[in-house]
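Engineer: Can you keep this structure in mind? I'll have questions shortly.
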Amino acid sequence: MSGVEERKVAPEEAGWRLDRWVKTHFPGLPFARLQKLLRTGQFRVDGKRPEAGQRLMAGQRIRVPPLPAEATNPPPAPAAPRPLSAADRAFVRSLVIYEDERLIALAKPPGLAVQGGTGTTRHLDALLSGLAKGGEKPRLVHRLDRDTSGVLVVAKTAAVARELGFAFQQHRVRKLYWAILVGGPTRNEGVIELPLGKRGPPGREKVEPAAPEEDEWARWAKTEFKVLARAGKVAAWVALLPRTGRTHQLRAHCAAIGAPILGDGKYGGKAAHPKGAPRGLMLHARELELPGPKGRPLRITAEPPPAFREALAWLGLDRPELPGASLADWPAEG
């Protein structure tokens, strides 16, 4: 058994999730054990209790608790990445909606995982080498759930990845989502402020409202919403602006107010699948606003995918009827 130690995040590890960092440095640590150590706060990042999905920045200090000797076994030599096919290169390039000297913005389709995992061999991270153009492979700086579509930004260099990762961590990035909610909120605009905690076994966790005094894993979460259009009492087209970035925050918050996202059976159960509704999770990352290199914000917009447009047509909706569809309609602070 090792003792407590402190390690520093290397420049090339900037933007990594904490659980990925731990698994890379301690490949022999069983997954269940890793989850328990993270859940009980035995790992610390700059002295603070972290979440498993927290993005790291270069130079941060990680407190590593005592671990069994086998956890520190050196990782096996990584397999050489398989060259991308011409079809894969064409596919990932077809997703580009914006590019400058620092970053590339993609319109991620629903159903494509951002990173690999158990049973996931095709994912966006493995395709990013198709955007390299002879330079570094672009780096992820944030993520979207597999079934969520919309704007996703990757950095062209490690330095830009660190800069953008810090901006996300400091909440200097604004994100606006479009969603179709079953039934819809009772008011046309408002704020959902509910702390969220994790429930369930590893790999099948679910985020639910939880009181911090009863659940040490619970974290404060805030989501603002504006109804853009209503289809009677059947559903509502809603814009969602998360002021915090908790796992599954939007999905859990919408379900908590009795208006689950259309197609979200995990959080909405059978109510999320009305008879005749198009299939798929109707959650779309519509706009992303980043700090620009010269002080001017960079705003990137992604058009909704065919499934989302099909769901709007099914409801008889074709355009927003109320303000809120763009970040320009929202105050910068909230």
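In the structure tokens, each chain is lettered A, B, ... as it comes, each chain's residues begin at 1, and ligands are numbered from 1 in order of appearance.
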Considering only C-alpha atoms, tabulate each residue of segment 280-334 of chain A that lies at most 10 Å from segment 148-162 of chain A along with its nearest interatomic pair and the corresponding distance in Å to one decimal; arrange the rows by chain and ascending residue number and present them as a tab-separated table.
Structural biologist:
```
residue	atom	partner	partner_atom	distance
A:Gly280	CA	A:Thr148	CA	9.1
A:Leu281	CA	A:Thr148	CA	6.7
A:Met282	CA	A:Thr148	CA	7.5
A:Leu283	CA	A:Thr148	CA	5.5
A:His284	CA	A:Ser149	CA	4.8
A:Ala285	CA	A:Gly150	CA	4.2
A:Arg286	CA	A:Gly150	CA	5.8
A:Glu287	CA	A:Val151	CA	6.5
A:Leu288	CA	A:Val151	CA	6.7
A:Leu290	CA	A:Val153	CA	9.7
A:Ile300	CA	A:Val151	CA	7.3
A:Thr301	CA	A:Val151	CA	6.7
A:Ala302	CA	A:Val151	CA	5.6
A:Glu303	CA	A:Gly150	CA	7.4
A:Pro304	CA	A:Gly150	CA	6.9
A:Pro305	CA	A:Ser149	CA	7.2
A:Phe308	CA	A:Ser149	CA	9.3
```
Engineer: Leaving out Lys233 of chain A and any residue of its chain fewer than 4 positions from it, which residues lie within 9 Å of it when counting only C-alpha atoms, given as a list in words?
Structural biologist: Val182, Gly183 and Gly184 of chain A
Engineer: Put those residues in a file: C-alpha atoms, as a short mmCIF file (atom, residue, chain, number, x, y, z; two decimals), in the first residue's frame.
Structural biologist:
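Saved to result_27.cif:
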```cif
data_model
loop_
_atom_site.label_atom_id
_atom_site.label_comp_id
_atom_site.auth_asym_id
_atom_site.auth_seq_id
_atom_site.Cartn_x
_atom_site.Cartn_y
_atom_site.Cartn_z
CA VAL A 182 -43.23 16.95 -22.71
CA GLY A 183 -46.08 19.05 -21.36
CA GLY A 184 -43.77 21.98 -20.73
#
```
Engineer: Once DSSP has gone over the backbone, tell me which residues of segment 98-228 of chain A are in strand (DSSP E), as a VMD selection string.
Structural biologist: chain A and resid 98 to 99 103 to 108 139 to 140 149 to 155 174 to 182 189 to 193 196 to 199 206 to 209 222 to 228
Engineer: Closest to Gly197 of chain A among A:Ala328, A:Ala58, A:Pro320, A:Arg39, using only C-alpha atoms?
Structural biologist: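 Between A:Ala328, A:Ala58, A:Pro320, A:Arg39, the residue approaching Gly197 of chain A most closely is A:Arg39.
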Engineer: Can you tell me, as a ChimeraX atom specification, what residues are no more than 8 Å from Gln249 of chain A when counting only C-alpha atoms, ignoring any on the same chain fewer than 5 positions away?
Structural biologist: /A:196,207,221,223,242
Engineer: Could you name the residues that touch Arg243 of chain A at 9 Å or less, counting only C-alpha atoms, but leaving out those on the same chain fewer than 3 positions away, as number ranges by chain?
Structural biologist: A: 171, 174-175, 221-224, 333-334
Engineer: Keeping C-alpha atoms, export the residues of the selection given above as an mmCIF file, in the first residue's frame.
Structural biologist:
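After the write, selection_20.cif holds the following:
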```
data_model
loop_
_atom_site.group_PDB
_atom_site.id
_atom_site.type_symbol
_atom_site.label_atom_id
_atom_site.label_comp_id
_atom_site.auth_asym_id
_atom_site.auth_seq_id
_atom_site.Cartn_x
_atom_site.Cartn_y
_atom_site.Cartn_z
ATOM 1 C CA HIS A 171 -17.929 29.679 -16.152
ATOM 2 C CA ARG A 174 -22.124 30.622 -22.142
ATOM 3 C CA LYS A 175 -24.133 27.721 -23.556
ATOM 4 C CA ALA A 221 -27.175 23.503 -9.875
ATOM 5 C CA LYS A 222 -28.993 26.333 -11.646
ATOM 6 C CA THR A 223 -30.793 26.341 -14.985
ATOM 7 C CA GLU A 224 -32.710 29.222 -16.558
ATOM 8 C CA GLU A 333 -25.011 37.247 -15.827
ATOM 9 C CA GLY A 334 -27.605 35.355 -13.905
#
```
Engineer: Skipping near chain neighbours, those fewer than 5 positions away, what residues fall within 10 Å of Arg199 of chain A using only C-alpha atoms, listed as a list in words?
Structural biologist: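 Here the qualifying residues turn out to be Arg204, Glu205, Lys206, Val207, Glu208, Pro209, Ala210 and Trp217 of chain A.
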